[in-house]
>>> print(open('data.pdb').read())   # PDB, C-alpha atoms
ATOM      1  CA  MET A 105      41.100  19.189  35.211
ATOM      2  CA  GLU A 106      41.073  15.620  33.821
ATOM      3  CA  GLY A 107      37.668  15.064  35.445
ATOM      4  CA  ALA A 108      36.265  18.130  33.673
ATOM      5  CA  ILE A 109      37.630  16.966  30.300
ATOM      6  CA  LEU A 110      36.168  13.471  30.819
ATOM      7  CA  LYS A 111      32.778  14.972  31.708
ATOM      8  CA  PHE A 112      32.890  17.153  28.591
ATOM      9  CA  LEU A 113      33.802  14.179  26.355
ATOM     10  CA  LEU A 114      31.013  12.125  27.908
ATOM     11  CA  PHE A 115      28.588  14.975  27.224
ATOM     12  CA  ILE A 116      29.700  15.118  23.561
ATOM     13  CA  ILE A 117      29.236  11.321  23.224
ATOM     14  CA  LEU A 118      25.742  11.529  24.734
ATOM     15  CA  VAL A 119      24.806  14.322  22.332
ATOM     16  CA  PHE A 120      25.929  12.187  19.364
ATOM     17  CA  VAL A 121      23.994   9.194  20.700
ATOM     18  CA  ALA A 122      20.900  11.396  21.039
ATOM     19  CA  ILE A 123      21.312  12.731  17.490
ATOM     20  CA  GLY A 124      21.831   9.214  16.184
ATOM     21  CA  HIS A 125      18.700   8.121  17.981
ATOM     22  CA  THR A 126      16.514  10.835  16.451
ATOM     23  CA  ASN A 127      17.882   9.837  13.038
ATOM     24  CA  GLY A 128      16.965   6.274  13.887
ATOM     25  CA  GLN A 129      13.233   6.739  13.703
ATOM     26  CA  LEU A 130      10.600   7.917  11.266
ATOM     27  CA  ARG A 131       9.487  11.465  11.849
ATOM     28  CA  LYS A 132       7.483  14.246  10.284
ATOM     29  CA  GLY A 133       9.562  16.419   7.964
ATOM     30  CA  PHE A 134      12.644  14.159   7.990
ATOM     31  CA  TYR A 135      13.988  15.993   4.906
ATOM     32  CA  LYS A 136      13.220  19.514   6.158
ATOM     33  CA  SER A 137      16.874  20.527   6.273
ATOM     34  CA  SER A 138      18.495  17.974   3.913
ATOM     35  CA  CYS A 139      16.025  18.448   1.033
ATOM     36  CA  PRO A 140      13.396  21.074   1.953
ATOM     37  CA  GLN A 141      11.410  20.780  -1.305
ATOM     38  CA  ALA A 142      11.284  16.966  -1.288
ATOM     39  CA  GLU A 143       7.656  16.477  -0.254
ATOM     40  CA  GLN A 144       6.431  19.286  -2.526
ATOM     41  CA  ILE A 145       8.270  17.786  -5.508
ATOM     42  CA  VAL A 146       6.644  14.392  -4.846
ATOM     43  CA  GLN A 147       3.209  15.984  -4.611
ATOM     44  CA  ASN A 148       3.635  18.160  -7.717
ATOM     45  CA  ILE A 149       4.669  15.291  -9.974
ATOM     46  CA  THR A 150       2.116  12.865  -8.503
ATOM     47  CA  TRP A 151      -0.768  15.317  -8.914
ATOM     48  CA  LYS A 152       0.346  16.181 -12.457
ATOM     49  CA  ARG A 153       0.344  12.479 -13.342
ATOM     50  CA  VAL A 154      -3.060  11.799 -11.714
ATOM     51  CA  VAL A 155      -4.600  14.574 -13.839
ATOM     52  CA  SER A 156      -3.679  12.599 -16.963
ATOM     53  CA  ASN A 157      -4.296   9.131 -15.462
ATOM     54  CA  SER A 158      -7.212   8.752 -13.058
ATOM     55  CA  THR A 159      -6.349   5.074 -12.395
ATOM     56  CA  LEU A 160      -3.041   6.034 -10.769
ATOM     57  CA  PRO A 161      -4.240   6.367  -7.135
ATOM     58  CA  ALA A 162      -5.383   2.724  -7.090
ATOM     59  CA  LYS A 163      -2.105   1.611  -8.680
ATOM     60  CA  LEU A 164       0.175   3.472  -6.268
ATOM     61  CA  LEU A 165      -1.892   2.531  -3.210
ATOM     62  CA  ARG A 166      -1.647  -1.133  -4.211
ATOM     63  CA  MET A 167       2.080  -0.878  -4.931
ATOM     64  CA  HIS A 168       2.682   0.655  -1.490
ATOM     65  CA  PHE A 169       0.651  -2.135   0.160
ATOM     66  CA  HIS A 170       2.557  -4.839  -1.748
ATOM     67  CA  ASP A 171       5.853  -3.181  -0.818
ATOM     68  CA  CYS A 172       5.093  -2.990   2.904
ATOM     69  CA  PHE A 173       3.911  -6.603   3.171
ATOM     70  CA  VAL A 174       7.227  -7.938   1.839
ATOM     71  CA  ARG A 175      10.276  -7.074   3.993
ATOM     72  CA  GLY A 176       8.487  -3.947   5.235
ATOM     73  CA  CYS A 177       8.143  -0.569   3.491
ATOM     74  CA  ASP A 178      11.654  -0.599   2.015
ATOM     75  CA  GLY A 179      11.017   0.009  -1.684
ATOM     76  CA  SER A 180      11.984  -3.600  -2.504
ATOM     77  CA  VAL A 181       8.950  -3.903  -4.815
ATOM     78  CA  LEU A 182      10.623  -1.365  -7.147
ATOM     79  CA  ILE A 183      13.749  -3.436  -7.826
ATOM     80  CA  ASP A 184      14.140  -5.123 -11.225
ATOM     81  CA  SER A 185      15.022  -8.797 -11.581
ATOM     82  CA  THR A 186      18.574  -9.660 -12.665
ATOM     83  CA  ALA A 187      20.108 -12.667 -14.429
ATOM     84  CA  ASN A 188      20.538 -14.424 -11.071
ATOM     85  CA  ASN A 189      17.629 -13.008  -9.061
ATOM     86  CA  SER A 190      13.887 -13.092  -9.595
ATOM     87  CA  ALA A 191      12.687  -9.914  -7.822
ATOM     88  CA  GLU A 192       9.305  -9.140  -6.206
ATOM     89  CA  LYS A 193       8.133  -7.521  -9.465
ATOM     90  CA  ALA A 194       8.234 -10.967 -11.118
ATOM     91  CA  ALA A 195       5.870 -12.571  -8.585
ATOM     92  CA  ILE A 196       2.359 -13.377  -9.841
ATOM     93  CA  PRO A 197       0.580 -10.897  -7.481
ATOM     94  CA  ASN A 198       2.863  -8.112  -8.746
ATOM     95  CA  LEU A 199       2.683  -8.722 -12.507
ATOM     96  CA  SER A 200      -0.295  -6.356 -12.752
ATOM     97  CA  LEU A 201       1.290  -3.537 -10.724
ATOM     98  CA  GLY A 202       1.565  -0.167 -12.449
ATOM     99  CA  GLY A 203       2.948   3.301 -11.775
ATOM    100  CA  PHE A 204       6.671   2.486 -11.672
ATOM    101  CA  ASP A 205       7.301   5.221 -14.251
ATOM    102  CA  VAL A 206       5.829   7.818 -11.875
ATOM    103  CA  ILE A 207       8.179   6.750  -9.069
ATOM    104  CA  ASP A 208      11.113   6.946 -11.518
ATOM    105  CA  GLU A 209      10.119  10.443 -12.637
ATOM    106  CA  ILE A 210       9.927  11.633  -9.029
ATOM    107  CA  LYS A 211      13.272  10.017  -8.177
ATOM    108  CA  THR A 212      14.983  11.719 -11.143
ATOM    109  CA  ALA A 213      13.608  15.122 -10.080
ATOM    110  CA  LEU A 214      14.737  14.580  -6.478
ATOM    111  CA  GLU A 215      18.220  13.417  -7.505
ATOM    112  CA  ASN A 216      18.549  16.593  -9.583
ATOM    113  CA  THR A 217      17.518  18.691  -6.574
ATOM    114  CA  CYS A 218      19.318  16.925  -3.720
ATOM    115  CA  GLN A 219      21.407  13.977  -4.775
ATOM    116  CA  GLY A 220      21.438  10.810  -2.680
ATOM    117  CA  VAL A 221      19.094  12.111   0.018
ATOM    118  CA  VAL A 222      15.517  10.887  -0.470
ATOM    119  CA  SER A 223      14.823   7.147  -0.406
ATOM    120  CA  CYS A 224      12.679   5.303  -2.926
ATOM    121  CA  ALA A 225      10.784   3.799   0.022
ATOM    122  CA  ASP A 226       9.732   7.286   1.157
ATOM    123  CA  ILE A 227       8.930   8.356  -2.417
ATOM    124  CA  LEU A 228       6.507   5.438  -2.817
ATOM    125  CA  THR A 229       4.918   6.067   0.601
ATOM    126  CA  LEU A 230       4.418   9.774  -0.154
ATOM    127  CA  ALA A 231       3.236   9.221  -3.737
ATOM    128  CA  ALA A 232       0.616   6.679  -2.610
ATOM    129  CA  ARG A 233      -0.744   9.225  -0.110
ATOM    130  CA  ASP A 234      -0.567  12.135  -2.574
ATOM    131  CA  SER A 235      -2.263  10.253  -5.423
ATOM    132  CA  VAL A 236      -5.259   9.332  -3.253
ATOM    133  CA  SER A 237      -5.302  12.854  -1.803
ATOM    134  CA  PHE A 238      -5.483  14.597  -5.197
ATOM    135  CA  GLN A 239      -9.273  14.190  -5.246
ATOM    136  CA  PHE A 240      -9.524  16.111  -1.940
ATOM    137  CA  LYS A 241      -6.735  18.664  -2.665
ATOM    138  CA  LYS A 242      -5.330  18.047   0.830
ATOM    139  CA  PRO A 243      -3.263  15.274   2.474
ATOM    140  CA  MET A 244      -5.636  12.507   3.603
ATOM    141  CA  TRP A 245      -3.137  11.040   6.078
ATOM    142  CA  GLU A 246       0.153  12.065   7.583
ATOM    143  CA  VAL A 247       3.312  10.432   6.280
ATOM    144  CA  VAL A 248       6.331  10.354   8.557
ATOM    145  CA  THR A 249       9.595   9.946   6.643
ATOM    146  CA  GLY A 250      13.113   8.601   7.129
ATOM    147  CA  ARG A 251      12.739   5.124   5.571
ATOM    148  CA  ARG A 252      15.786   3.717   3.861
ATOM    149  CA  ASP A 253      15.895   1.386   0.875
ATOM    150  CA  GLY A 254      16.273  -2.367   1.089
ATOM    151  CA  ARG A 255      18.838  -4.283  -0.959
ATOM    152  CA  ILE A 256      16.968  -7.593  -1.213
ATOM    153  CA  SER A 257      13.966  -8.383  -3.404
ATOM    154  CA  LYS A 258      12.725 -11.950  -3.964
ATOM    155  CA  SER A 259       9.691 -13.050  -5.952
ATOM    156  CA  SER A 260       9.227 -16.082  -3.686
ATOM    157  CA  GLU A 261       8.731 -13.796  -0.675
ATOM    158  CA  ALA A 262       6.147 -11.676  -2.489
ATOM    159  CA  LEU A 263       4.206 -14.809  -3.366
ATOM    160  CA  SER A 264       4.168 -16.023   0.247
ATOM    161  CA  GLU A 265       3.658 -12.685   2.043
ATOM    162  CA  ILE A 266       1.065 -10.770  -0.001
ATOM    163  CA  PRO A 267      -2.500 -11.677   1.074
ATOM    164  CA  SER A 268      -4.371 -13.553  -1.644
ATOM    165  CA  PRO A 269      -7.789 -12.504  -3.002
ATOM    166  CA  PHE A 270      -8.784 -16.155  -2.385
ATOM    167  CA  PHE A 271      -8.050 -15.989   1.374
ATOM    168  CA  ASN A 272     -10.724 -16.730   3.960
ATOM    169  CA  PHE A 273     -11.021 -14.674   7.148
ATOM    170  CA  THR A 274      -8.620 -16.839   9.202
ATOM    171  CA  SER A 275      -5.861 -16.525   6.586
ATOM    172  CA  LEU A 276      -6.408 -12.770   6.217
ATOM    173  CA  LYS A 277      -6.295 -12.216   9.973
ATOM    174  CA  GLN A 278      -3.052 -14.207  10.233
ATOM    175  CA  SER A 279      -1.458 -12.412   7.285
ATOM    176  CA  PHE A 280      -2.147  -9.023   8.886
ATOM    177  CA  ALA A 281      -1.155 -10.221  12.377
ATOM    178  CA  ASN A 282       2.219 -11.276  10.914
ATOM    179  CA  LYS A 283       2.757  -7.576  10.150
ATOM    180  CA  SER A 284       1.492  -6.449  13.599
ATOM    181  CA  LEU A 285      -1.769  -5.237  12.067
ATOM    182  CA  THR A 286      -5.149  -5.923  13.669
ATOM    183  CA  VAL A 287      -8.535  -7.108  12.357
ATOM    184  CA  HIS A 288      -9.533  -3.440  12.558
ATOM    185  CA  ASP A 289      -6.654  -2.551  10.199
ATOM    186  CA  LEU A 290      -7.635  -5.444   7.915
ATOM    187  CA  VAL A 291     -11.218  -4.220   7.503
ATOM    188  CA  VAL A 292     -10.312  -0.539   7.209
ATOM    189  CA  LEU A 293      -7.497  -1.108   4.692
ATOM    190  CA  SER A 294      -9.752  -3.387   2.620
ATOM    191  CA  GLY A 295     -11.692  -0.154   2.058
ATOM    192  CA  GLY A 296      -8.862   0.735  -0.344
ATOM    193  CA  HIS A 297     -10.800  -1.481  -2.778
ATOM    194  CA  THR A 298     -13.105   1.519  -3.218
ATOM    195  CA  ILE A 299     -10.751   2.415  -6.108
ATOM    196  CA  GLY A 300      -9.329   0.219  -8.818
ATOM    197  CA  VAL A 301     -10.209  -2.927 -10.736
ATOM    198  CA  GLY A 302      -9.921  -6.684 -10.344
ATOM    199  CA  HIS A 303      -8.945  -9.208 -13.018
ATOM    200  CA  CYS A 304     -11.576 -11.829 -13.868
ATOM    201  CA  ASN A 305      -9.321 -14.785 -13.056
ATOM    202  CA  LEU A 306      -9.106 -13.644  -9.430
ATOM    203  CA  PHE A 307     -12.826 -14.107  -8.819
ATOM    204  CA  SER A 308     -14.371 -16.039 -11.725
ATOM    205  CA  ASN A 309     -14.268 -19.257  -9.673
ATOM    206  CA  ARG A 310     -17.040 -17.584  -7.632
ATOM    207  CA  LEU A 311     -19.137 -17.334 -10.803
ATOM    208  CA  TYR A 312     -18.670 -20.663 -12.554
ATOM    209  CA  ASN A 313     -17.352 -23.512 -10.471
ATOM    210  CA  PHE A 314     -17.368 -22.561  -6.830
ATOM    211  CA  THR A 315     -17.663 -26.032  -5.279
ATOM    212  CA  GLY A 316     -16.656 -27.973  -8.371
ATOM    213  CA  LYS A 317     -20.259 -28.510  -9.496
ATOM    214  CA  GLY A 318     -20.478 -25.637 -11.986
ATOM    215  CA  ASP A 319     -22.173 -23.460  -9.374
ATOM    216  CA  SER A 320     -21.653 -19.890  -8.160
ATOM    217  CA  ASP A 321     -20.706 -18.643  -4.678
ATOM    218  CA  PRO A 322     -23.937 -18.414  -2.635
ATOM    219  CA  SER A 323     -22.452 -15.483  -0.652
ATOM    220  CA  LEU A 324     -22.308 -13.389  -3.859
ATOM    221  CA  ASN A 325     -25.419 -11.366  -4.811
ATOM    222  CA  SER A 326     -27.163 -13.442  -7.538
ATOM    223  CA  THR A 327     -28.067 -10.401  -9.675
ATOM    224  CA  TYR A 328     -24.432  -9.319  -9.457
ATOM    225  CA  VAL A 329     -23.328 -12.840 -10.496
ATOM    226  CA  THR A 330     -25.422 -12.485 -13.662
ATOM    227  CA  PHE A 331     -23.830  -9.093 -14.395
ATOM    228  CA  LEU A 332     -20.284 -10.351 -13.748
ATOM    229  CA  LYS A 333     -20.826 -13.300 -16.100
ATOM    230  CA  THR A 334     -21.407 -10.799 -18.934
ATOM    231  CA  LYS A 335     -17.955  -9.348 -18.202
ATOM    232  CA  CYS A 336     -16.012 -12.540 -17.407
ATOM    233  CA  GLN A 337     -17.239 -15.140 -19.849
ATOM    234  CA  SER A 338     -14.974 -18.011 -18.844
ATOM    235  CA  LEU A 339     -12.653 -19.243 -16.094
ATOM    236  CA  LEU A 340      -9.755 -18.753 -18.504
ATOM    237  CA  ASP A 341     -10.167 -14.980 -18.978
ATOM    238  CA  ASN A 342      -7.206 -13.296 -17.280
ATOM    239  CA  THR A 343      -7.211 -10.001 -19.175
ATOM    240  CA  THR A 344     -10.670  -8.495 -18.572
ATOM    241  CA  THR A 345     -11.004  -6.226 -15.532
ATOM    242  CA  VAL A 346     -14.044  -5.255 -13.470
ATOM    243  CA  GLU A 347     -14.489  -2.333 -11.081
ATOM    244  CA  MET A 348     -14.052  -3.380  -7.442
ATOM    245  CA  ASP A 349     -16.503  -0.675  -6.340
ATOM    246  CA  PRO A 350     -19.185  -0.737  -9.089
ATOM    247  CA  GLY A 351     -19.851   2.693 -10.606
ATOM    248  CA  SER A 352     -17.470   4.446  -8.213
ATOM    249  CA  SER A 353     -14.044   2.912  -8.844
ATOM    250  CA  LEU A 354     -12.267   6.227  -9.499
ATOM    251  CA  THR A 355     -13.653   7.959  -6.404
ATOM    252  CA  PHE A 356     -12.067   7.386  -3.017
ATOM    253  CA  ASP A 357     -14.988   7.061  -0.594
ATOM    254  CA  ASN A 358     -16.572   4.550   1.804
ATOM    255  CA  ASN A 359     -18.897   3.069  -0.833
ATOM    256  CA  TYR A 360     -16.950  -0.215  -0.761
ATOM    257  CA  PHE A 361     -18.553  -1.026   2.590
ATOM    258  CA  SER A 362     -22.086  -0.385   1.276
ATOM    259  CA  VAL A 363     -21.322  -2.632  -1.695
ATOM    260  CA  LEU A 364     -19.951  -5.284   0.656
ATOM    261  CA  LYS A 365     -23.184  -5.214   2.694
ATOM    262  CA  GLN A 366     -25.125  -5.852  -0.534
ATOM    263  CA  GLN A 367     -22.994  -9.022  -0.992
ATOM    264  CA  LYS A 368     -21.206  -7.515  -3.975
ATOM    265  CA  GLY A 369     -17.637  -7.768  -2.663
ATOM    266  CA  LEU A 370     -15.689  -8.889  -5.733
ATOM    267  CA  PHE A 371     -13.094 -11.177  -4.147
ATOM    268  CA  GLN A 372     -13.480 -14.011  -1.659
ATOM    269  CA  SER A 373     -11.207 -11.934   0.600
ATOM    270  CA  ASP A 374     -13.798  -9.107   0.486
ATOM    271  CA  ALA A 375     -16.744 -11.391   1.271
ATOM    272  CA  ALA A 376     -14.659 -12.986   4.056
ATOM    273  CA  LEU A 377     -14.966  -9.778   6.111
ATOM    274  CA  LEU A 378     -18.653 -10.583   6.657
ATOM    275  CA  THR A 379     -17.947 -14.083   7.973
ATOM    276  CA  ASN A 380     -16.570 -12.875  11.312
ATOM    277  CA  LYS A 381     -18.738 -11.046  13.847
ATOM    278  CA  GLY A 382     -16.055  -8.583  14.952
ATOM    279  CA  ALA A 383     -15.047  -7.757  11.385
ATOM    280  CA  LYS A 384     -18.684  -7.382  10.334
ATOM    281  CA  ASN A 385     -19.228  -4.835  13.137
ATOM    282  CA  ILE A 386     -16.260  -2.818  11.870
ATOM    283  CA  VAL A 387     -17.734  -2.921   8.333
ATOM    284  CA  ASP A 388     -20.919  -1.362   9.779
ATOM    285  CA  GLU A 389     -18.903   1.392  11.496
ATOM    286  CA  MET A 390     -17.221   2.249   8.188
ATOM    287  CA  LEU A 391     -20.595   3.103   6.616
ATOM    288  CA  ILE A 392     -20.078   6.580   8.131
ATOM    289  CA  ALA A 393     -17.764   8.376   5.671
ATOM    290  CA  GLY A 394     -16.020  10.601   8.221
ATOM    291  CA  LYS A 395     -15.305   7.568  10.411
ATOM    292  CA  PHE A 396     -13.796   5.658   7.481
ATOM    293  CA  PHE A 397     -11.476   8.535   6.473
ATOM    294  CA  THR A 398     -10.242   8.943  10.060
ATOM    295  CA  GLU A 399      -9.634   5.228  10.519
ATOM    296  CA  PHE A 400      -8.069   4.774   7.071
ATOM    297  CA  SER A 401      -5.619   7.542   7.910
ATOM    298  CA  GLN A 402      -4.578   5.775  11.144
ATOM    299  CA  SER A 403      -4.280   2.332   9.545
ATOM    300  CA  MET A 404      -2.219   3.698   6.636
ATOM    301  CA  LYS A 405       0.214   5.230   9.124
ATOM    302  CA  ARG A 406       0.541   1.850  10.853
ATOM    303  CA  MET A 407       1.021   0.034   7.555
ATOM    304  CA  GLY A 408       3.623   2.584   6.447
ATOM    305  CA  ALA A 409       5.730   1.753   9.501
ATOM    306  CA  ILE A 410       5.960  -2.023   8.903
ATOM    307  CA  GLY A 411       9.558  -3.276   9.061
ATOM    308  CA  VAL A 412      11.117   0.030   8.036
ATOM    309  CA  LEU A 413      14.885   0.375   7.638
ATOM    310  CA  ILE A 414      16.185   3.406   9.522
ATOM    311  CA  GLY A 415      19.414   5.019  10.687
ATOM    312  CA  SER A 416      22.331   3.320   8.946
ATOM    313  CA  ASN A 417      20.393   0.252   7.776
ATOM    314  CA  GLY A 418      19.742  -0.170   4.055
ATOM    315  CA  GLU A 419      20.792   2.530   1.611
ATOM    316  CA  ILE A 420      19.521   5.478  -0.420
ATOM    317  CA  ARG A 421      19.204   4.034  -3.914
ATOM    318  CA  LYS A 422      20.484   6.159  -6.786
ATOM    319  CA  LYS A 423      17.874   4.599  -9.080
ATOM    320  CA  CYS A 424      14.772   3.002  -7.647
ATOM    321  CA  ASN A 425      14.873  -0.100  -9.838
ATOM    322  CA  VAL A 426      18.448  -1.140  -9.028
ATOM    323  CA  VAL A 427      20.388  -1.515  -5.798
ATOM    324  CA  ASN A 428      23.524   0.620  -5.521
TER     325      ASN A 428
END
>>> encode(input="data.pdb", output="structure tokens")
Amino acid sequence: MEGAILKFLLFIILVFVAIGHTNGQLRKGFYKSSCPQAEQIVQNITWKRVVSNSTLPAKLLRMHFHDCFVRGCDGSVLIDSTANNSAEKAAIPNLSLGGFDVIDEIKTALENTCQGVVSCADILTLAARDSVSFQFKKPMWEVVTGRRDGRISKSSEALSEIPSPFFNFTSLKQSFANKSLTVHDLVVLSGGHTIGVGHCNLFSNRLYNFTGKGDSDPSLNSTYVTFLKTKCQSLLDNTTTVEMDPGSSLTFDNNYFSVLKQQKGLFQSDAALLTNKGAKNIVDEMLIAGKFFTEFSQSMKRMGAIGVLIGSNGEIRKKCNVVN
């Protein structure tokens, strides 16, 4: 009799371990039973906001990228600084982030529907996907869910972890390798620069004083240099913005790679992709639109899994800008 009871108890323990294990990983439809409308609510609000602000996809995609590269995709980029902590938001690369109000609106709606269930980390991951997908009226990549929210956010980490627009190929490769991402991911994800703008001060050194002799970067198309000088009229201009994908910066497509091949990549980190043979070959592959969309989808899934908090790690924030 005792043996039977022991076997039964062991079975119960194993079942709980198995359940705990499935909760301990990202999966499709994580909120299917705990908050069935969650993903639809995120999409509805995101799409509504994109209708009135066509720059939003670039903003949310960038925010998601900056979140994942610092402590993993844990929503730490959303946390406000406090009297005794300078958060990621305060770091120089993050001062130009936008779209926090959209995340807050989604969080409020989800808290009203199913309190304390959906993480800010998942909201940001879904909203980034949904904002880019609005143009196509269908999800452009699959998002698995179950991320939990981090409790730590430091501006110093954002400054050291987020790849710089001034990076050369070696630095870019290392930055991505640190996150278990490949050169293939680096090139494909750089294609996200097909939408959005760049601030003059992040590339004007390529126009005016590239080697300290008042010259321009020889790897930048000379006609394009002339055009950019009409937009960015000094090295001191840090307010003017320029489209990263000229004439197509609101349309998510593979045009970035065509522009890159014409030596019109805006940042040094864009031009750097042509300085390595392997990377350059991947750029050529991305000139086929269908290929780019497929590969972007795969690389976004890999990026969205960087350093995630799962199971009982982290928390589900009540408000996305403050830890519980």
>>> closest_residue(input="data.pdb", among="A:Val155, A:Leu332, A:Val287, A:Met404", to="A:Asn305", atoms="all atoms listed in the file")
A:Leu332
>>> resolve_selection(input="data.pdb", expression="the PyMOL selection byres ((chain A and resi 374-391) around 7)", output="list in words")
Asn272, Phe273, Val287, His288, Val291, Asn358, Phe361, Ser362, Leu364, Gly369, Leu370, Phe371, Gln372, Ser373, Ile392, Ala393, Lys395 and Phe396 of chain A
>>> resolve_selection(input="data.pdb", expression="the PyMOL selection byres ((chain A and resi 158-164) around 8)", output="ChimeraX atom specification")
/A:153-157,165-168,201-203,228,231-232,235-236,296,299-300,354
>>> residues_around(input="data.pdb", residues="A:Thr286", least_positions_apart="5", cutoff="8 Å", atoms="only C-alpha atoms", output="JSON, numbers by chain")
{"A": [277, 280, 281]}
>>> residues_around(input="data.pdb", residues="A:Gly408", least_positions_apart="5", cutoff="8 Å", atoms="all atoms listed in the file", output="PDB file with C-alpha atoms, in the coordinates of the input")
ATOM      1  CA  CYS A 172       5.093  -2.990   2.904  1.00  0.00           C
ATOM      2  CA  CYS A 177       8.143  -0.569   3.491  1.00  0.00           C
ATOM      3  CA  THR A 229       4.918   6.067   0.601  1.00  0.00           C
ATOM      4  CA  VAL A 247       3.312  10.432   6.280  1.00  0.00           C
TER       5      VAL A 247
END
>>> residues_around(input="data.pdb", residues="A:Val363", least_positions_apart="4", cutoff="8 Å", atoms="all atoms listed in the file", output="PyMOL selection string")
chain A and resi 349-350+359+367-369
>>> resolve_selection(input="data.pdb", expression="the PyMOL selection byres ((chain A and resi 403) around 9)", output="MDAnalysis selection string")
chainID A and resid 285 288:290 292:293 398:402 404:408
>>> closest_residue(input="data.pdb", among="A:Leu214, A:Val174, A:Ile227, A:Ile207", to="A:Asn282", atoms="all atoms listed in the file")
A:Val174
>>> axis_aligned_box(input="data.pdb", around="stretch 235-250 of chain A", padding_each_side="4 Å", output="AutoDock Vina command-line options")
--center_x 1.8 --center_y 13.6 --center_z 1.6 --size_x 30.6 --size_y 18.1 --size_z 22.0
>>> residues_near_point(input="data.pdb", point="(-3.1, 16.8, 1.3)", cutoff="12 Å", atoms="all atoms listed in the file", output="PyMOL selection string")
chain A and resi 143-144+146-148+150-151+230-247+401
>>> atom_distance(input="data.pdb", atom1="atom CA of A:Cys424", atom2="atom CA of A:Arg251")
13.5 Å
>>> closest_atom_pairs(input="data.pdb", of="stretch 237-315 of chain A", to="stretch 411-422 of chain A", cutoff="6 Å", atoms="only C-alpha atoms", output="Markdown table")
| residue | atom | partner | partner_atom | distance |
| --- | --- | --- | --- | --- |
| A:Arg251 | CA | A:Ile414 | CA | 5.5 |
| A:Arg252 | CA | A:Leu413 | CA | 5.1 |
| A:Asp253 | CA | A:Glu419 | CA | 5.1 |
| A:Gly254 | CA | A:Gly418 | CA | 5.1 |
>>> atom_distance(input="data.pdb", atom1="atom CA of A:Lys193", atom2="atom CA of A:Ser279")
19.9 Å
>>> residues_around(input="data.pdb", residues="stretch 182-187 of chain A", least_positions_apart="5", cutoff="8 Å", atoms="all atoms listed in the file", output="list in words")
Glu192, Lys193, Ala194, Phe204, Ser257, Cys424, Asn425, Val426 and Val427 of chain A
>>> decode(input="data.pdb", residues="stretch 293-297 of chain A", atoms="all heavy atoms", output="tab-separated table (two decimals), in the first residue's frame")
chain	number	residue	atom	x	y	z
A	293	LEU	N	19.30	42.08	-39.71
A	293	LEU	CA	18.66	43.03	-38.80
A	293	LEU	C	19.02	44.48	-39.12
A	293	LEU	O	18.23	45.39	-38.85
A	293	LEU	CB	19.01	42.70	-37.34
A	293	LEU	CG	18.41	41.38	-36.81
A	293	LEU	CD1	18.98	41.04	-35.44
A	293	LEU	CD2	16.89	41.43	-36.76
A	294	SER	N	20.17	44.70	-39.73
A	294	SER	CA	20.53	46.06	-40.19
A	294	SER	C	19.51	46.53	-41.22
A	294	SER	O	19.30	47.74	-41.38
A	294	SER	CB	21.93	46.08	-40.81
A	294	SER	OG	22.91	45.80	-39.83
A	295	GLY	N	18.86	45.59	-41.89
A	295	GLY	CA	17.80	45.90	-42.85
A	295	GLY	C	16.63	46.63	-42.21
A	295	GLY	O	15.81	47.22	-42.91
A	296	GLY	N	16.56	46.62	-40.87
A	296	GLY	CA	15.55	47.40	-40.15
A	296	GLY	C	15.72	48.89	-40.41
A	296	GLY	O	14.80	49.68	-40.22
A	297	HIS	N	16.91	49.29	-40.88
A	297	HIS	CA	17.16	50.69	-41.23
A	297	HIS	C	16.43	51.10	-42.51
A	297	HIS	O	16.60	52.21	-42.98
A	297	HIS	CB	18.67	50.95	-41.38
A	297	HIS	CG	19.41	51.01	-40.07
A	297	HIS	ND1	20.77	51.14	-39.98
A	297	HIS	CD2	18.96	50.94	-38.79
A	297	HIS	CE1	21.12	51.17	-38.71
A	297	HIS	NE2	20.05	51.04	-37.96
